[in-house]
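Source file: query_29.txt. Holds: compact mmCIF, C-alpha atoms.
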```
# COMPACT_ATOMS: atom_id res chain seq x y z
CA MET K 1 0.00 0.00 0.00
CA LEU K 2 2.77 2.39 1.01
CA ARG K 3 4.65 1.56 -2.16
CA ALA K 4 1.60 2.25 -4.31
CA THR K 5 1.03 5.58 -2.58
CA LEU K 6 4.65 6.55 -3.09
CA ILE K 7 4.55 5.66 -6.77
CA PHE K 8 1.30 7.54 -7.24
CA THR K 9 2.61 10.64 -5.41
CA ALA K 10 5.86 10.61 -7.37
CA GLY K 11 3.99 10.27 -10.66
CA PHE K 12 1.52 12.97 -9.62
CA LEU K 13 4.30 15.39 -8.70
CA ALA K 14 6.16 14.63 -11.91
CA SER K 15 3.07 15.39 -14.01
CA LEU K 16 2.41 18.58 -12.07
CA GLY K 17 6.03 19.60 -12.53
CA ALA K 18 5.87 18.96 -16.24
CA GLY K 19 2.53 20.79 -16.55
CA TRP K 20 3.45 23.84 -14.52
CA LEU K 21 7.16 24.22 -15.14
CA ALA K 22 8.24 22.51 -18.33
CA LEU K 23 5.28 22.87 -20.70
CA PRO K 24 4.85 26.66 -20.41
CA LYS K 25 8.51 27.07 -21.32
CA THR K 26 8.18 24.88 -24.39
CA LEU K 27 5.52 27.29 -25.63
CA TYR K 28 8.22 29.93 -26.11
CA ARG K 29 11.19 29.90 -28.45
CA THR K 30 14.21 32.04 -27.70
CA GLU K 31 15.52 34.03 -30.63
CA ALA K 32 18.90 35.76 -30.76
CA GLN K 33 19.27 39.50 -31.27
CA PRO K 34 21.61 40.46 -34.12
CA LEU K 35 24.03 42.15 -31.74
CA SER K 36 24.71 42.48 -28.05
CA PHE K 37 23.69 45.97 -26.96
CA ASN K 38 24.52 47.78 -23.75
CA HIS K 39 21.98 50.49 -22.87
CA GLN K 40 23.82 51.45 -19.71
CA VAL K 41 26.94 52.61 -21.57
CA HIS K 42 24.78 55.03 -23.53
CA THR K 43 22.58 56.33 -20.71
CA GLY K 44 25.17 56.25 -17.92
CA ASP K 45 27.97 58.70 -17.13
CA LYS K 46 29.87 57.75 -20.24
CA GLY K 47 27.25 58.55 -22.84
CA ASN K 48 24.85 60.57 -20.69
CA MET K 49 22.02 60.26 -23.19
CA ALA K 50 18.28 60.34 -22.58
CA CYS K 51 15.86 57.77 -24.02
CA GLU K 52 14.49 60.24 -26.56
CA ASP K 53 17.94 61.00 -27.97
CA CYS K 54 17.71 57.71 -29.88
CA HIS K 55 14.07 56.67 -29.51
CA SER K 56 12.45 59.74 -30.96
CA PHE K 57 9.13 60.97 -32.28
CA ARG K 58 8.66 61.72 -35.95
CA GLU K 59 7.39 65.10 -37.03
CA ASN K 60 3.84 63.83 -37.45
CA GLY K 61 3.71 62.69 -33.82
CA SER K 62 4.23 58.99 -34.47
CA PHE K 63 6.95 57.17 -32.60
CA ALA K 64 10.02 55.96 -34.50
CA GLY K 65 10.83 53.13 -32.08
CA ILE K 66 14.24 51.52 -32.47
CA PRO K 67 16.63 53.95 -34.20
CA LYS K 68 17.79 53.27 -37.72
CA LEU K 69 21.41 52.54 -38.53
CA GLU K 70 22.07 56.10 -39.65
CA SER K 71 21.37 57.46 -36.14
CA CYS K 72 23.85 55.00 -34.64
CA ALA K 73 26.38 55.65 -37.39
CA GLY K 74 26.34 59.35 -36.49
CA CYS K 75 28.59 58.50 -33.52
CA HIS K 76 29.79 55.02 -34.41
CA ALA K 77 31.20 55.60 -37.91
CA GLU K 78 34.38 54.21 -36.36
CA ALA K 79 34.65 52.27 -33.10
CA MET K 80 34.68 54.69 -30.15
CA GLY K 81 35.58 52.17 -27.46
CA GLU K 82 37.37 48.90 -27.08
CA THR K 83 34.53 46.41 -26.80
CA ALA K 84 34.24 43.48 -29.18
CA ALA K 85 30.49 44.13 -29.64
CA GLU K 86 31.10 47.64 -30.93
CA LYS K 87 33.85 46.55 -33.30
CA GLN K 88 31.55 43.84 -34.59
CA PHE K 89 28.77 46.41 -35.03
CA VAL K 90 30.98 48.76 -37.03
CA ALA K 91 32.44 45.98 -39.16
CA ASN K 92 29.24 44.03 -39.83
CA PHE K 93 26.61 46.75 -39.95
CA VAL K 94 27.93 50.31 -40.18
CA LYS K 95 30.58 49.78 -42.87
CA PRO K 96 28.44 47.65 -45.21
CA GLY K 97 25.39 49.85 -44.42
CA ARG K 98 23.37 46.85 -43.28
CA GLU K 99 20.40 47.57 -41.00
CA PRO K 100 20.41 45.31 -37.88
CA GLN K 101 17.20 43.28 -37.78
CA TRP K 102 16.32 43.85 -34.13
CA LYS K 103 13.63 41.73 -32.56
CA VAL K 104 11.26 44.21 -30.95
CA TYR K 105 10.10 43.23 -27.47
CA ALA K 106 7.29 45.77 -27.64
CA ARG K 107 5.91 44.87 -31.07
CA GLN K 108 2.15 44.73 -30.58
CA PRO K 109 -0.25 42.40 -32.38
CA ASP K 110 -1.63 43.76 -35.65
CA ASN K 111 -5.05 44.41 -34.17
CA ALA K 112 -3.73 46.59 -31.37
CA PHE K 113 -3.46 50.36 -31.71
CA PHE K 114 -0.90 51.84 -29.38
CA PRO K 115 0.17 55.42 -30.11
CA HIS K 116 3.02 56.74 -28.00
CA SER K 117 2.03 60.40 -28.21
CA PRO K 118 -1.11 60.32 -25.97
CA HIS K 119 0.89 58.46 -23.34
CA VAL K 120 4.22 60.24 -23.51
CA LYS K 121 3.32 63.71 -24.76
CA ALA K 122 -0.18 64.23 -23.39
CA ALA K 123 -0.16 62.09 -20.21
CA LYS K 124 3.59 62.56 -19.55
CA LEU K 125 4.24 58.92 -18.68
CA LYS K 126 7.83 57.89 -18.20
CA CYS K 127 9.26 55.28 -20.59
CA GLU K 128 10.04 53.03 -17.60
CA LYS K 129 6.34 52.79 -16.73
CA CYS K 130 5.82 50.24 -19.50
CA HIS K 131 9.30 49.29 -20.66
CA GLY K 132 10.82 48.78 -17.22
CA ASP K 133 14.36 49.84 -16.43
CA HIS K 134 15.54 48.84 -19.88
CA GLY K 135 17.71 51.94 -20.15
CA LYS K 136 19.91 50.82 -17.27
CA SER K 137 20.49 47.28 -18.50
CA THR K 138 23.93 46.17 -19.64
CA THR K 139 22.74 43.28 -21.80
CA LEU K 140 19.62 42.73 -23.83
CA PRO K 141 17.04 40.43 -22.21
CA LEU K 142 16.12 37.16 -23.88
CA TYR K 143 13.71 37.61 -26.77
CA GLN K 144 11.12 34.90 -26.26
CA VAL K 145 8.51 34.42 -28.89
CA ASN K 146 5.29 32.48 -28.57
CA ARG K 147 5.46 29.55 -30.98
CA ILE K 148 1.76 29.80 -31.79
CA SER K 149 1.05 33.53 -32.00
CA GLY K 150 4.54 34.67 -33.04
CA TYR K 151 4.40 37.55 -30.56
CA SER K 152 6.92 38.34 -27.86
CA LEU K 153 6.39 37.17 -24.29
CA ASP K 154 6.61 40.80 -23.24
CA VAL K 155 3.42 41.84 -25.02
CA MET K 156 1.29 38.77 -25.11
CA GLY K 157 0.37 35.94 -22.87
CA ARG K 158 1.04 35.15 -19.29
CA PRO K 159 2.38 31.62 -19.09
CA ALA K 160 0.61 29.19 -16.77
CA GLY K 161 3.86 28.64 -14.89
CA ARG K 162 5.34 32.06 -14.33
CA TRP K 163 8.67 31.03 -12.89
CA GLY K 164 11.66 32.04 -14.90
CA LEU K 165 9.62 33.64 -17.67
CA GLN K 166 8.12 36.73 -16.11
CA ARG K 167 9.86 40.08 -16.46
CA ALA K 168 9.20 43.52 -15.07
CA GLY K 169 7.52 46.12 -17.22
CA GLY K 170 4.04 46.29 -18.58
CA MET K 171 3.24 45.95 -22.26
CA ARG K 172 0.53 43.31 -22.05
CA MET K 173 -3.13 44.10 -22.53
CA ASP K 174 -3.75 43.43 -18.82
CA ASP K 175 -1.22 46.12 -17.95
CA CYS K 176 -2.84 48.64 -20.28
CA VAL K 177 -6.33 47.96 -18.92
CA ALA K 178 -5.17 48.00 -15.28
CA CYS K 179 -3.58 51.43 -15.70
CA HIS K 180 -6.55 52.85 -17.60
CA ARG K 181 -8.92 51.58 -14.91
CA GLN K 182 -6.79 52.93 -12.10
CA ASN K 183 -6.80 56.36 -13.67
CA GLY K 184 -10.49 56.34 -14.56
CA LEU K 185 -9.70 56.40 -18.26
CA SER K 186 -11.80 54.99 -21.03
CA HIS K 187 -11.06 51.32 -21.72
CA SER K 188 -13.51 50.15 -24.35
CA CYS K 189 -12.17 47.41 -26.64
CA LEU K 190 -12.07 49.71 -29.63
CA ASP K 191 -10.16 52.38 -27.74
CA CYS K 192 -7.08 50.28 -28.35
CA HIS K 193 -8.14 47.68 -30.88
CA LYS K 194 -8.56 48.27 -34.57
CA MET H 1 -21.16 48.05 -16.40
CA THR H 2 -21.03 51.75 -15.65
CA ARG H 3 -17.93 53.70 -16.21
CA THR H 4 -16.63 57.17 -15.71
CA ASP H 5 -14.46 58.66 -18.37
CA LYS H 6 -13.10 61.62 -16.53
CA ALA H 7 -10.04 62.19 -18.67
CA SER H 8 -11.70 61.77 -22.04
CA PRO H 9 -14.99 63.67 -22.00
CA ALA H 10 -17.69 61.96 -24.04
CA ALA H 11 -18.24 62.76 -27.68
CA HIS H 12 -21.32 61.69 -29.53
CA TYR H 13 -20.42 61.37 -33.14
CA ALA H 14 -23.29 61.59 -35.60
CA MET H 15 -23.87 61.92 -39.31
CA ILE H 16 -26.30 63.97 -41.37
CA ILE H 17 -27.01 62.77 -44.92
CA ASP H 18 -28.61 65.27 -47.27
CA LEU H 19 -30.90 63.31 -49.61
CA ASP H 20 -31.39 66.35 -51.83
CA ARG H 21 -27.68 66.40 -52.59
CA CYS H 22 -26.95 62.69 -52.95
CA GLU H 23 -26.71 61.71 -56.62
CA GLY H 24 -26.09 58.02 -56.06
CA CYS H 25 -22.59 58.02 -57.57
CA GLY H 26 -21.36 55.43 -55.09
CA ASP H 27 -18.08 57.19 -54.26
CA CYS H 28 -18.88 56.80 -50.57
CA VAL H 29 -19.23 53.03 -50.94
CA VAL H 30 -15.86 52.74 -52.66
CA ALA H 31 -14.12 55.08 -50.21
CA CYS H 32 -15.61 53.11 -47.31
CA ALA H 33 -14.38 49.78 -48.67
CA LEU H 34 -10.88 51.11 -49.31
CA GLU H 35 -10.65 52.79 -45.92
CA ASN H 36 -11.90 49.81 -43.95
CA ASN H 37 -10.18 46.98 -45.82
CA VAL H 38 -13.43 45.54 -47.10
CA PRO H 39 -12.35 42.98 -49.73
CA PRO H 40 -13.68 42.83 -53.29
CA PRO H 41 -16.68 40.49 -53.50
CA ASN H 42 -16.01 36.78 -53.61
CA PRO H 43 -16.92 35.30 -57.03
CA LYS H 44 -19.62 33.25 -55.30
CA ALA H 45 -21.14 36.23 -53.52
CA THR H 46 -24.75 37.22 -54.15
CA PRO H 47 -26.37 40.53 -53.21
CA ARG H 48 -27.31 38.86 -49.92
CA THR H 49 -23.88 37.47 -49.10
CA GLY H 50 -21.59 40.26 -50.33
CA LEU H 51 -19.79 42.65 -48.02
CA ASN H 52 -20.67 46.33 -47.79
CA TRP H 53 -20.45 48.57 -44.76
CA LEU H 54 -22.36 51.25 -46.59
CA ARG H 55 -25.13 50.61 -49.11
CA VAL H 56 -26.92 53.06 -51.37
CA PHE H 57 -30.53 52.30 -52.22
CA ARG H 58 -32.50 53.81 -55.09
CA LEU H 59 -36.12 54.85 -54.59
CA GLU H 60 -38.51 56.82 -56.71
CA ALA H 61 -40.27 59.78 -55.16
CA ALA H 62 -41.46 63.23 -56.12
CA GLY H 63 -40.94 62.33 -59.80
CA ARG H 64 -37.22 61.68 -59.44
CA ASP H 65 -34.73 59.07 -58.31
CA VAL H 66 -33.87 59.36 -54.65
CA PHE H 67 -30.70 57.73 -53.36
CA LEU H 68 -30.49 56.57 -49.79
CA PRO H 69 -27.01 55.84 -48.37
CA MET H 70 -27.27 53.58 -45.33
CA PRO H 71 -24.32 53.08 -42.97
CA CYS H 72 -24.71 51.62 -39.47
CA MET H 73 -26.97 53.99 -37.56
CA GLN H 74 -24.91 53.65 -34.34
CA CYS H 75 -28.01 53.25 -32.16
CA GLY H 76 -27.37 54.89 -28.82
CA GLU H 77 -30.29 53.54 -26.81
CA GLU H 78 -31.16 49.90 -26.21
CA THR H 79 -28.72 49.13 -29.02
CA PRO H 80 -30.37 46.03 -30.56
CA CYS H 81 -27.22 44.29 -31.81
CA GLN H 82 -25.43 44.82 -28.53
CA SER H 83 -28.23 43.47 -26.39
CA VAL H 84 -28.51 40.18 -28.30
CA CYS H 85 -24.82 39.37 -28.69
CA PRO H 86 -23.96 36.32 -26.57
CA GLN H 87 -20.25 37.02 -26.90
CA LYS H 88 -20.14 40.66 -25.83
CA ALA H 89 -18.61 41.24 -29.24
CA VAL H 90 -20.62 44.43 -29.73
CA GLU H 91 -19.81 47.42 -27.62
CA LEU H 92 -21.30 50.88 -27.36
CA ASP H 93 -18.37 53.09 -26.46
CA PRO H 94 -19.55 55.72 -23.96
CA ALA H 95 -16.64 57.96 -24.92
CA THR H 96 -17.63 58.25 -28.58
CA GLY H 97 -21.15 56.85 -28.97
CA ILE H 98 -19.81 54.51 -31.64
CA VAL H 99 -21.13 50.95 -31.70
CA GLY H 100 -18.06 48.79 -32.17
CA GLN H 101 -17.82 45.26 -33.48
CA ILE H 102 -15.01 43.15 -32.04
CA PRO H 103 -14.18 40.49 -34.63
CA GLU H 104 -11.91 38.52 -32.27
CA ARG H 105 -14.88 37.79 -30.01
CA CYS H 106 -17.51 37.25 -32.69
CA LEU H 107 -18.49 33.60 -33.11
CA GLY H 108 -20.62 34.22 -36.18
CA CYS H 109 -24.06 33.35 -34.78
CA ARG H 110 -25.55 36.37 -36.59
CA TYR H 111 -28.10 37.20 -33.90
CA CYS H 112 -27.00 40.80 -34.30
CA MET H 113 -27.82 40.72 -38.00
CA ALA H 114 -31.31 39.48 -37.21
CA ALA H 115 -31.74 42.10 -34.49
CA CYS H 116 -30.54 45.09 -36.52
CA PRO H 117 -33.61 47.00 -37.74
CA TYR H 118 -31.54 48.59 -40.51
CA GLN H 119 -29.82 45.45 -41.81
CA ALA H 120 -26.56 47.32 -41.52
CA ARG H 121 -24.52 44.25 -40.61
CA VAL H 122 -22.81 41.85 -42.97
CA PHE H 123 -21.32 38.41 -42.52
CA ASN H 124 -17.98 37.17 -43.84
CA TRP H 125 -18.92 34.02 -45.71
CA TRP H 126 -15.39 33.69 -47.10
CA ASP H 127 -11.91 34.63 -45.99
CA PRO H 128 -11.02 38.00 -47.49
CA GLN H 129 -8.97 37.86 -50.69
CA TRP H 130 -7.39 40.68 -52.59
CA PRO H 131 -6.18 40.50 -56.18
CA ALA H 132 -2.38 40.14 -56.33
CA GLY H 133 -0.76 43.47 -55.50
CA MET H 134 -3.89 45.05 -54.07
CA GLU H 135 -3.02 43.90 -50.57
CA GLN H 136 -0.38 46.65 -50.73
CA THR H 137 -3.19 49.17 -50.50
CA LEU H 138 -4.55 47.82 -47.21
CA ASN H 139 -5.05 50.41 -44.52
CA PRO H 140 -2.77 49.63 -41.54
CA ASN H 141 -5.14 51.43 -39.16
CA VAL H 142 -7.92 48.89 -39.67
CA SER H 143 -7.61 45.16 -39.01
CA VAL H 144 -8.76 42.62 -41.57
CA ARG H 145 -11.65 40.39 -40.49
CA GLN H 146 -11.69 36.67 -41.02
CA ARG H 147 -14.33 34.29 -42.33
CA GLY H 148 -17.18 33.56 -39.93
CA THR H 149 -17.41 36.97 -38.30
CA VAL H 150 -19.89 39.81 -38.60
CA GLU H 151 -18.73 43.30 -39.46
CA LYS H 152 -20.23 46.72 -39.97
CA CYS H 153 -19.62 50.44 -40.25
CA ASN H 154 -17.96 51.96 -37.19
CA PHE H 155 -17.78 55.59 -38.32
CA CYS H 156 -14.22 54.97 -39.55
CA HIS H 157 -12.82 54.09 -36.18
CA GLY H 158 -9.31 53.89 -37.61
CA ARG H 159 -9.53 57.55 -38.54
CA TRP H 160 -10.63 58.35 -35.00
CA HIS H 161 -7.51 56.58 -33.70
CA ALA H 162 -5.31 58.51 -36.11
CA ALA H 163 -6.95 61.80 -35.05
CA ILE H 164 -6.30 61.03 -31.38
CA GLU H 165 -2.66 60.31 -32.09
CA LYS H 166 -2.28 63.53 -34.03
CA ALA H 167 -4.02 65.63 -31.37
CA ALA H 168 -1.95 64.08 -28.59
CA ALA H 169 1.29 64.86 -30.42
CA ALA H 170 0.42 68.51 -29.80
CA GLY H 171 -0.42 67.71 -26.17
CA GLY H 172 -4.20 67.63 -26.69
CA ARG H 173 -6.56 65.28 -24.87
CA GLY H 174 -10.28 64.67 -25.08
CA PRO H 175 -12.68 64.48 -28.01
CA VAL H 176 -11.22 64.98 -31.45
CA ALA H 177 -12.73 66.11 -34.72
CA TYR H 178 -12.29 63.83 -37.71
CA THR H 179 -14.03 62.97 -40.96
CA PRO H 180 -15.04 59.46 -42.04
CA ALA H 181 -14.04 58.31 -45.52
CA CYS H 182 -17.59 58.46 -46.97
CA SER H 183 -18.06 62.04 -45.89
CA GLU H 184 -14.66 63.04 -47.25
CA ALA H 185 -15.20 61.29 -50.58
CA CYS H 186 -18.71 62.59 -51.34
CA PRO H 187 -18.40 64.97 -54.31
CA ALA H 188 -21.81 66.49 -53.55
CA GLN H 189 -20.92 67.05 -49.90
CA ALA H 190 -24.09 65.27 -48.91
CA ILE H 191 -22.60 63.68 -45.78
CA THR H 192 -21.82 65.89 -42.79
CA PHE H 193 -20.12 64.39 -39.77
CA GLY H 194 -19.78 65.90 -36.33
CA ASP H 195 -20.19 65.69 -32.58
CA LEU H 196 -23.69 66.08 -31.08
CA ASN H 197 -22.06 67.70 -28.03
CA ASN H 198 -21.17 70.55 -30.35
CA SER H 199 -24.27 72.73 -30.20
CA GLU H 200 -23.78 74.11 -33.71
CA PHE H 201 -23.76 70.61 -35.19
CA ALA H 202 -26.58 69.41 -32.93
CA ALA H 203 -28.75 72.30 -34.16
CA LEU H 204 -28.46 70.93 -37.71
CA THR H 205 -30.05 67.67 -36.59
CA ASN H 206 -32.95 69.47 -34.93
CA LYS H 207 -34.17 71.24 -38.05
CA PRO H 208 -37.67 70.39 -39.27
CA GLU H 209 -36.33 68.80 -42.47
CA SER H 210 -34.19 66.37 -40.45
CA PHE H 211 -35.42 62.92 -39.58
CA ARG H 212 -34.17 59.48 -38.67
CA LEU H 213 -35.14 56.12 -40.09
CA LEU H 214 -37.44 54.00 -37.90
CA ASP H 215 -37.23 56.66 -35.20
CA SER H 216 -40.28 55.21 -33.47
CA LEU H 217 -38.35 52.08 -32.47
CA GLY H 218 -36.57 54.17 -29.86
CA THR H 219 -33.06 52.91 -30.57
CA GLY H 220 -31.62 56.40 -30.77
CA PRO H 221 -29.90 56.15 -34.17
CA LYS H 222 -27.15 58.72 -34.75
CA VAL H 223 -27.47 58.94 -38.52
CA PHE H 224 -29.83 61.73 -39.54
CA TYR H 225 -31.27 62.34 -42.97
CA LYS H 226 -32.57 65.57 -44.35
CA THR H 227 -34.66 66.60 -47.32
CA ALA H 228 -36.76 69.63 -48.11
CA SER H 229 -39.36 67.49 -49.90
CA THR H 230 -42.09 65.88 -47.84
CA ALA H 231 -42.74 63.38 -50.64
CA VAL H 232 -39.12 62.18 -50.50
CA ARG H 233 -39.28 61.97 -46.75
CA ALA H 234 -42.48 59.94 -46.88
CA ALA H 235 -41.01 57.60 -49.50
CA VAL H 236 -37.81 57.05 -47.54
CA THR H 237 -39.44 56.48 -44.16
CA GLY H 238 -42.11 54.31 -45.80
CA ALA H 239 -39.47 52.18 -47.54
CA ALA H 240 -37.64 51.68 -44.27
CA LYS H 241 -40.87 50.42 -42.67
CA ASP H 242 -41.38 47.93 -45.50
CA THR H 243 -38.17 46.06 -44.71
CA PRO H 244 -38.83 42.63 -43.21
CA HIS H 245 -37.43 43.57 -39.81
CA ALA H 246 -39.49 46.67 -39.22
```

Please express the file's structure as structure tokens.
Amino acid sequence: MLRATLIFTAGFLASLGAGWLALPKTLYRTEAQPLSFNHQVHTGDKGNMACEDCHSFRENGSFAGIPKLESCAGCHAEAMGETAAEKQFVANFVKPGREPQWKVYARQPDNAFFPHSPHVKAAKLKCEKCHGDHGKSTTLPLYQVNRISGYSLDVMGRPAGRWGLQRAGGMRMDDCVACHRQNGLSHSCLDCHK
Amino acid sequence: MTRTDKASPAAHYAMIIDLDRCEGCGDCVVACALENNVPPPNPKATPRTGLNWLRVFRLEAAGRDVFLPMPCMQCGEETPCQSVCPQKAVELDPATGIVGQIPERCLGCRYCMAACPYQARVFNWWDPQWPAGMEQTLNPNVSVRQRGTVEKCNFCHGRWHAAIEKAAAAGGRGPVAYTPACSEACPAQAITFGDLNNSEFAALTNKPESFRLLDSLGTGPKVFYKTASTAVRAAVTGAAKDTPHA
């Protein structure tokens, strides 16, 4: 009897472990960024830049997102420091004029409408409110993409087992709705969905 | 569910269609389809199964042809489609007065189509298909709907989004002014669009020549028609009553 109970409990725990820990992780695939990027070097004492120096608004009020190669090349036409990553960037991207194909953590699904200007210009939200302390990071976080939807973990889906997958920041629909509710703002579906 | 929208004061968008100006050219229908990514008709489509967010009917009255453009009327009271939807896929936005259709939630039961007194709703019998190259002209501000969902006019919601983004870039918040594609395209300027909270615009809807279709149903439609001819008015309101749902 004891043996049977032990076998059952072990099997039960193993299935639970697989269901809660292993399976959620298999739902996501990790993809590599084209280049290792250090935000902290740019925003810290060395570079002393603000977010909007690179991540700027266009003239029509839309947000440009990740800067194009020409903005980077303005400073990095030649390597400024000694790091291997920068030398690699200059050699592989700046010199041949090849645009790095960044994976965008914040890329929203096609049916979502998220304009930066009402949030940043009108409501004066800080970038960190949604993107977390990305500007102080020394390495890029893992880019994990949902195998079914093709969207990043950062914008879509909360895995059943949260351990090891959850990150700070708030770019999921739940985060948008929670903030709108808290501030008594309109949160009809079509306020944000197309 | 009751809500307070303290930071975005309510707008009540409405439309006035001048039947004395409309010449039935159909520009509004084309502009609507292009703006809202409505695909060209499937080869198997019939007049009953085709897709159109805006239809123009032809009637005869007062010795002339009268053309009647019919978008969704955006009923503001006891909205029939909203009250029957089992999926909560229809939503009356208190901040704009626009009745929105949420294709992701729609399961295609078509109760809303049966409930709509104006037959303003259409069903996607086929997945949308565009002739090669034409998909390049799709409007990125409007999502494409899939087979098995109902869709309808939403007063060019994508344009409303774009107007909000533009206003906010200058630091503005609250209701915005914008023009739907049909109103912009009309060469006869028969379609006027505005906010009923704007007293100047609201006064236009209160004129004696203004009327609404099936007003007696009490659904508070926000599309107004106007004509100086009582014969035209009688023909149009009479035709609306003759539809099977009235």

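Here atom CA of Cys106 of chain H and atom CA of Lys88 of chain H stand 8.1 Å from one another.
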
Checklist line | Near-segment 51-54 of chain H list (7 Å; all atoms listed in the file; drop same-chain fewer than 5 positions) as number ranges by chain | finding: H: 29, 41, 69-71, 122, 152-153

Taking C-alpha atoms for each residue, export the selection above as a CSV table (one decimal), keeping the file's coordinate frame.
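Below is the file part.csv, written as the result:
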```csv
chain,number,residue,atom,x,y,z
H,29,VAL,CA,-19.2,53.0,-50.9
H,41,PRO,CA,-16.7,40.5,-53.5
H,69,PRO,CA,-27.0,55.8,-48.4
H,70,MET,CA,-27.3,53.6,-45.3
H,71,PRO,CA,-24.3,53.1,-43.0
H,122,VAL,CA,-22.8,41.8,-43.0
H,152,LYS,CA,-20.2,46.7,-40.0
H,153,CYS,CA,-19.6,50.4,-40.2
```

Note to self: Taking only C-alpha atoms into account, find every residue of chain K that has an atom no more than 8 Å from chain H, and write it out as a PyMOL selection string.
What the structure shows: chain K and resi 60-62+110-111+113+115-118+121-122+184-186+188-191+194

Those same residues, written as a PDB file, in the coordinates of the input with C-alpha atoms?
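Generated output (again35.pdb):
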```pdb
ATOM      1  CA  ASN K  60       3.840  63.830 -37.450  1.00  0.00           C
ATOM      2  CA  GLY K  61       3.710  62.690 -33.820  1.00  0.00           C
ATOM      3  CA  SER K  62       4.230  58.990 -34.470  1.00  0.00           C
ATOM      4  CA  ASP K 110      -1.630  43.760 -35.650  1.00  0.00           C
ATOM      5  CA  ASN K 111      -5.050  44.410 -34.170  1.00  0.00           C
ATOM      6  CA  PHE K 113      -3.460  50.360 -31.710  1.00  0.00           C
ATOM      7  CA  PRO K 115       0.170  55.420 -30.110  1.00  0.00           C
ATOM      8  CA  HIS K 116       3.020  56.740 -28.000  1.00  0.00           C
ATOM      9  CA  SER K 117       2.030  60.400 -28.210  1.00  0.00           C
ATOM     10  CA  PRO K 118      -1.110  60.320 -25.970  1.00  0.00           C
ATOM     11  CA  LYS K 121       3.320  63.710 -24.760  1.00  0.00           C
ATOM     12  CA  ALA K 122      -0.180  64.230 -23.390  1.00  0.00           C
ATOM     13  CA  GLY K 184     -10.490  56.340 -14.560  1.00  0.00           C
ATOM     14  CA  LEU K 185      -9.700  56.400 -18.260  1.00  0.00           C
ATOM     15  CA  SER K 186     -11.800  54.990 -21.030  1.00  0.00           C
ATOM     16  CA  SER K 188     -13.510  50.150 -24.350  1.00  0.00           C
ATOM     17  CA  CYS K 189     -12.170  47.410 -26.640  1.00  0.00           C
ATOM     18  CA  LEU K 190     -12.070  49.710 -29.630  1.00  0.00           C
ATOM     19  CA  ASP K 191     -10.160  52.380 -27.740  1.00  0.00           C
ATOM     20  CA  LYS K 194      -8.560  48.270 -34.570  1.00  0.00           C
TER      21      LYS K 194
END
```

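If you measure from each of K:Glu128, K:Val155, K:Ala123, K:Ala91 to Asn183 of chain K using all atoms listed in the file, the closest one turns out to be K:Ala123.
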
Pro128 of chain H: which residues within 10 Å, counting only C-alpha atoms, same-chain residues fewer than 2 positions away excluded, as a PDB file with C-alpha atoms, in the frame of the given file?
```pdb
ATOM      1  CA  ASN H  37     -10.180  46.980 -45.820  1.00  0.00           C
ATOM      2  CA  VAL H  38     -13.430  45.540 -47.100  1.00  0.00           C
ATOM      3  CA  PRO H  39     -12.350  42.980 -49.730  1.00  0.00           C
ATOM      4  CA  PRO H  40     -13.680  42.830 -53.290  1.00  0.00           C
ATOM      5  CA  PRO H  41     -16.680  40.490 -53.500  1.00  0.00           C
ATOM      6  CA  ASN H  42     -16.010  36.780 -53.610  1.00  0.00           C
ATOM      7  CA  LEU H  51     -19.790  42.650 -48.020  1.00  0.00           C
ATOM      8  CA  ASN H 124     -17.980  37.170 -43.840  1.00  0.00           C
ATOM      9  CA  TRP H 125     -18.920  34.020 -45.710  1.00  0.00           C
ATOM     10  CA  TRP H 126     -15.390  33.690 -47.100  1.00  0.00           C
ATOM     11  CA  TRP H 130      -7.390  40.680 -52.590  1.00  0.00           C
ATOM     12  CA  VAL H 144      -8.760  42.620 -41.570  1.00  0.00           C
ATOM     13  CA  ARG H 145     -11.650  40.390 -40.490  1.00  0.00           C
ATOM     14  CA  GLN H 146     -11.690  36.670 -41.020  1.00  0.00           C
ATOM     15  CA  ARG H 147     -14.330  34.290 -42.330  1.00  0.00           C
TER      16      ARG H 147
END
```

Select from segment 29-59 of chain K every residue with an atom at most 9 Å from any atom of segment 66-89 of chain K, then for each give the shortest pair of atoms and their distance in Å to one decimal, using only C-alpha atoms, rows by chain and rising number, as a tab-separated table.
```
residue	atom	partner	partner_atom	distance
K:Leu35	CA	K:Ala85	CA	7.1
K:Ser36	CA	K:Ala85	CA	6.2
K:Phe37	CA	K:Ala85	CA	7.5
K:Cys54	CA	K:Pro67	CA	5.8
K:His55	CA	K:Ile66	CA	5.9
K:Ser56	CA	K:Pro67	CA	7.8
```

Next item on the list: Kindly give the distance, in Å, that separates atom CA of Tyr151 of chain K and atom CA of Ala22 of chain K, rounded to a single decimal.
Entry: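 Spanning atom CA of Tyr151 of chain K to atom CA of Ala22 of chain K is a straight-line distance of 19.8 Å.
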
Notebook entry, point to check: How many Å separate atom CA of Met156 of chain K from atom CA of Ala112 of chain K?
Noted result: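 For atom CA of Met156 of chain K relative to atom CA of Ala112 of chain K, the distance reads 11.2 Å.
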
Notebook entry, point to check: Within 7 Å of segment 215-231 of chain H, counting all atoms listed in the file, which residues qualify if same-chain residues fewer than 5 places away don't, as JSON, numbers by chain?
Noted result: {"H": [14, 15, 16, 17, 18, 19, 20, 61, 62, 73, 74, 75, 76, 77, 78, 79, 205, 209, 210]}

Check: Given the choices K:Gly47, K:Glu59, K:Lys103, K:Asp133, which gets closest to Val145 of chain K if the distance is worked out from all atoms listed in the file?
Finding: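 Nearest candidate to Val145 of chain K out of K:Gly47, K:Glu59, K:Lys103, K:Asp133: K:Lys103.
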